[in-house]
>>> print(open('coords-v2.txt').read())   # compact mmCIF, C-alpha atoms and all ligand atoms
# COMPACT_ATOMS: atom_id res chain seq x y z
CA MET A 105 117.00 104.94 108.17
CA ALA A 106 116.61 102.37 105.43
CA SER A 107 114.77 103.17 102.24
CA PHE A 108 111.87 101.61 100.40
CA VAL A 109 110.56 102.03 96.87
CA ILE A 110 107.50 100.80 95.03
CA GLN A 111 107.77 100.66 91.25
CA LYS A 112 104.64 100.26 89.18
CA HIS A 113 105.59 98.00 86.30
CA ARG A 114 103.58 96.86 83.33
CA ALA A 115 105.37 93.80 82.01
CA THR A 116 103.44 90.71 80.89
CA SER A 117 100.95 91.84 83.51
CA LEU A 118 100.65 94.95 85.67
CA HIS A 119 102.13 94.74 89.16
CA TYR A 120 103.78 96.83 91.85
CA ASP A 121 107.36 95.93 92.78
CA PHE A 122 107.61 96.51 96.51
CA ARG A 123 111.24 96.84 97.61
CA LEU A 124 112.79 97.24 101.06
CA GLU A 125 116.44 98.06 101.63
CA ILE A 126 117.79 95.26 103.82
CA ASP A 127 121.54 94.95 104.35
CA GLY A 128 122.48 96.93 101.26
CA VAL A 129 120.18 95.32 98.71
CA LEU A 130 116.53 95.72 97.77
CA ALA A 131 114.53 92.72 98.98
CA SER A 132 111.66 92.59 96.48
CA TRP A 133 108.08 91.38 96.10
CA ALA A 134 105.76 91.66 93.11
CA VAL A 135 102.28 92.71 94.27
CA PRO A 136 99.75 92.21 91.44
CA LYS A 137 96.99 94.38 92.93
CA GLY A 138 99.26 96.87 94.65
CA PRO A 139 98.98 97.99 98.27
CA SER A 140 95.64 98.61 99.99
CA LEU A 141 95.08 101.06 102.86
CA ASN A 142 92.29 98.80 104.14
CA SER A 143 93.67 96.60 106.90
CA ALA A 144 91.10 93.92 106.02
CA ASP A 145 92.71 93.43 102.59
CA LYS A 146 95.45 90.86 102.16
CA ARG A 147 97.43 91.53 99.02
CA LEU A 148 99.42 88.72 97.47
CA ALA A 149 103.12 89.58 97.29
CA MET A 150 105.35 87.16 95.40
CA MET A 151 108.94 87.34 96.53
CA VAL A 152 111.29 87.88 93.61
CA GLU A 153 115.06 88.25 93.33
CA ASP A 154 116.89 90.99 95.25
CA HIS A 155 117.68 94.10 93.25
CA PRO A 156 120.71 96.40 93.62
CA MET A 157 120.14 99.71 95.39
CA GLU A 158 120.69 101.65 92.15
CA TRP A 159 117.51 100.14 90.73
CA ALA A 160 115.41 102.18 93.19
CA SER A 161 115.62 105.28 91.02
CA PHE A 162 114.85 103.55 87.70
CA GLU A 163 111.95 104.95 85.75
CA GLY A 164 111.58 104.27 82.06
CA VAL A 165 110.84 101.50 79.62
CA ILE A 166 112.58 98.14 79.94
CA GLY A 167 113.46 96.88 76.47
CA PRO A 168 112.76 93.49 74.90
CA GLY A 169 113.43 90.55 77.20
CA TYR A 170 112.63 89.82 80.82
CA GLY A 171 110.36 92.46 82.38
CA GLU A 172 109.83 94.34 79.13
CA GLY A 173 107.57 97.32 79.65
CA PRO A 174 107.23 100.67 81.42
CA VAL A 175 108.24 101.32 85.04
CA ILE A 176 107.48 104.35 87.22
CA VAL A 177 108.55 105.15 90.76
CA TRP A 178 105.10 104.95 92.33
CA ASP A 179 106.25 105.69 95.88
CA ARG A 180 109.46 106.00 97.81
CA GLY A 181 110.70 106.97 101.23
CA THR A 182 112.16 105.47 104.35
CA TYR A 183 110.96 102.78 106.71
CA GLU A 184 111.49 101.65 110.26
CA ASN A 185 111.50 98.07 111.56
CA LEU A 186 108.62 97.72 114.05
CA ARG A 187 109.87 94.44 115.48
CA GLU A 188 112.06 95.14 118.44
CA ASP A 189 112.97 91.49 118.87
CA GLU A 190 114.12 90.84 115.33
CA THR A 191 116.27 92.45 112.64
CA MET A 192 114.79 92.83 109.16
CA LYS A 193 117.16 90.12 107.97
CA ASP A 194 115.85 87.75 110.64
CA GLY A 195 112.30 88.68 109.71
CA LEU A 196 113.03 87.96 106.08
CA ARG A 197 114.25 84.47 106.95
CA GLU A 198 111.38 83.83 109.33
CA GLY A 199 108.81 85.11 106.85
CA ARG A 200 107.40 87.84 109.06
CA LEU A 201 108.14 91.53 108.71
CA ARG A 202 106.46 94.46 110.38
CA PHE A 203 107.53 97.97 109.53
CA ALA A 204 106.41 101.59 109.31
CA LEU A 205 106.62 103.39 105.98
CA LEU A 206 107.29 107.08 105.59
CA GLY A 207 106.57 107.65 101.91
CA HIS A 208 104.71 110.19 99.79
CA LYS A 209 101.64 107.97 99.44
CA LEU A 210 102.04 105.21 102.00
CA ARG A 211 102.45 105.87 105.71
CA GLY A 212 102.17 103.97 108.93
CA GLY A 213 102.47 100.30 109.80
CA TRP A 214 102.46 97.38 107.35
CA SER A 215 103.17 93.68 107.58
CA LEU A 216 104.56 91.19 105.11
CA ARG A 217 104.10 87.55 106.07
CA ARG A 218 105.00 84.41 104.23
CA PHE A 219 102.23 81.85 104.09
CA GLY A 220 102.08 78.23 103.15
CA ARG A 221 105.06 75.98 103.51
CA GLY A 222 108.61 77.16 104.11
CA GLY A 223 110.44 78.04 100.97
CA ASP A 224 107.27 79.25 99.32
CA ASN A 225 107.64 82.66 97.70
CA ALA A 226 104.07 83.68 98.45
CA TRP A 227 103.68 86.42 101.07
CA LEU A 228 100.82 88.71 102.06
CA LEU A 229 101.11 92.48 102.32
CA VAL A 230 98.67 93.95 104.84
CA LYS A 231 98.13 97.45 106.25
CA LEU A 232 98.23 97.50 110.03
CA LYS A 233 95.40 99.23 111.87
CA ASP A 234 96.52 102.73 112.68
CA GLY A 235 95.70 106.31 111.83
CA PHE A 236 96.87 105.81 108.24
CA ALA A 237 94.58 102.85 107.53
CA ASP A 238 91.56 103.78 105.42
CA THR A 239 88.64 101.64 104.27
CA ASN A 240 87.33 104.13 101.70
CA ARG A 241 90.25 105.31 99.63
CA ASP A 242 91.72 103.21 96.83
CA ILE A 243 95.24 104.60 96.78
CA VAL A 244 96.32 102.90 93.54
CA VAL A 245 93.36 104.44 91.69
CA GLU A 246 93.56 107.79 93.43
CA ARG A 247 97.30 108.26 92.95
CA PRO A 248 98.49 106.52 89.75
CA GLU A 249 101.42 108.86 89.10
CA SER A 250 105.16 108.73 89.68
CA VAL A 251 106.29 110.53 92.83
CA ASP A 252 109.49 111.49 91.00
CA THR A 253 108.11 112.91 87.73
CA GLY A 254 104.31 112.93 87.91
CA ARG A 255 104.16 110.66 84.87
CA THR A 256 101.86 107.65 84.63
CA ILE A 257 102.57 104.26 83.09
CA GLU A 258 100.41 105.37 80.17
CA ASP A 259 102.50 108.51 79.69
CA LEU A 260 105.59 106.35 79.31
CA THR A 261 104.07 104.16 76.62
CA THR A 262 102.45 106.94 74.61
CA GLY A 263 104.79 109.83 75.30
CA GLY A 264 107.78 109.20 73.09
CA ALA A 265 109.39 106.19 74.69
CA HIS A 266 111.47 104.06 72.37
CA ARG A 267 108.47 102.04 71.29
CA ALA A 268 106.87 105.05 69.67
CA THR A 269 107.04 105.00 65.89
CA PRO A 270 105.61 107.38 63.27
CA SER A 271 102.68 105.03 62.80
CA ASP A 272 101.81 105.49 66.48
CA ASP A 273 101.48 109.24 66.08
CA ARG A 274 97.82 110.13 66.29
CA SER A 275 98.36 113.87 66.39
CA ALA A 276 98.30 114.19 62.60
MN MN A 301 108.48 94.00 88.02
>>> encode(input="coords-v2.txt", output="structure tokens")
Amino acid sequence: MASFVIQKHRATSLHYDFRLEIDGVLASWAVPKGPSLNSADKRLAMMVEDHPMEWASFEGVIGPGYGEGPVIVWDRGTYENLREDETMKDGLREGRLRFALLGHKLRGGWSLRRFGRGGDNAWLLVKLKDGFADTNRDIVVERPESVDTGRTIEDLTTGGAHRATPSDDRSA
């Protein structure tokens, strides 16, 4: 089975990098509000450049330059293509993906659909209606931590990352 990872990343603004392994690379979308378990919510997902598979395990602080800021592995696992008529690669080109996630936090069916005119990078991430959909829980609030280390974004910026300097030390 192919893998997926969602990295919570606080760069210029906070977002969740949603990545699906498709043909050996991580197809990637930046989701400003993060995923919602409520199937009535449509979360904007801006397609960004593919990332290499090795990036899926990155957790730490990106230094000065593009994407500067802390990253945690917010969720990870495997997924299954739910479209029997189309490969993931076809779905990517057509702008319509439907898949089931088997992660630590996210489970069940999801869709990613491109909207607007062809070539637009704007997609929508939506939870499909199934037993894992939930209108009450806010998963990004309820589970802010890394599934790999238990750390939060805040832990990375205050807990001795390279940005920390003696003047930041409030323990004295
Ligand atoms: Mn990012």
>>> residues_near_ligand(input="coords-v2.txt", ligand="ligand MN 301 (chain A)", cutoff="8 Å", atoms="all atoms listed in the file", output="list of chain:residue names")
A:Gln111, A:Lys112, A:His113, A:Arg114, A:Ala115, A:His119, A:Tyr120, A:Asp121, A:Ala134, A:Gly171, A:Val175
>>> residues_around(input="coords-v2.txt", residues="Thr116 in chain A", least_positions_apart="4", cutoff="10 Å", atoms="all atoms listed in the file", output="VMD selection string")
chain A and resid 170 to 173
>>> write_last_selection(input="coords-v2.txt", atoms="C-alpha atoms", output="tab-separated table (two decimals), in the coordinates of the input")
chain	number	residue	atom	x	y	z
A	170	TYR	CA	112.63	89.82	80.82
A	171	GLY	CA	110.36	92.46	82.38
A	172	GLU	CA	109.83	94.34	79.13
A	173	GLY	CA	107.57	97.32	79.65
>>> closest_residue(input="coords-v2.txt", among="A:Arg217, A:Ile110, A:Phe203, A:Met151", to="Thr191 in chain A", atoms="all atoms listed in the file")
A:Phe203
>>> atom_distance(input="coords-v2.txt", atom1="CA of Leu148 in chain A", atom2="CA of Val165 in chain A")
24.7 Å
>>> closest_residue(input="coords-v2.txt", among="A:Ser107, A:Ser132, A:Asn225, A:Thr261", to="His155 in chain A", atoms="only C-alpha atoms")
A:Ser132
>>> residues_around(input="coords-v2.txt", residues="Leu206 in chain A", least_positions_apart="2", cutoff="6 Å", atoms="only C-alpha atoms", output="list in words")
Gly181, Thr182, Tyr183 and Arg211 of chain A
>>> closest_residue(input="coords-v2.txt", among="A:Ala204, A:Val152, A:Met105, A:Leu216", to="Trp133 in chain A", atoms="only C-alpha atoms")
A:Val152
>>> atom_distance(input="coords-v2.txt", atom1="CA of Arg123 in chain A", atom2="CA of Glu249 in chain A")
17.7 Å
>>> atom_distance(input="coords-v2.txt", atom1="CA of Thr239 in chain A", atom2="CA of Leu141 in chain A")
6.6 Å
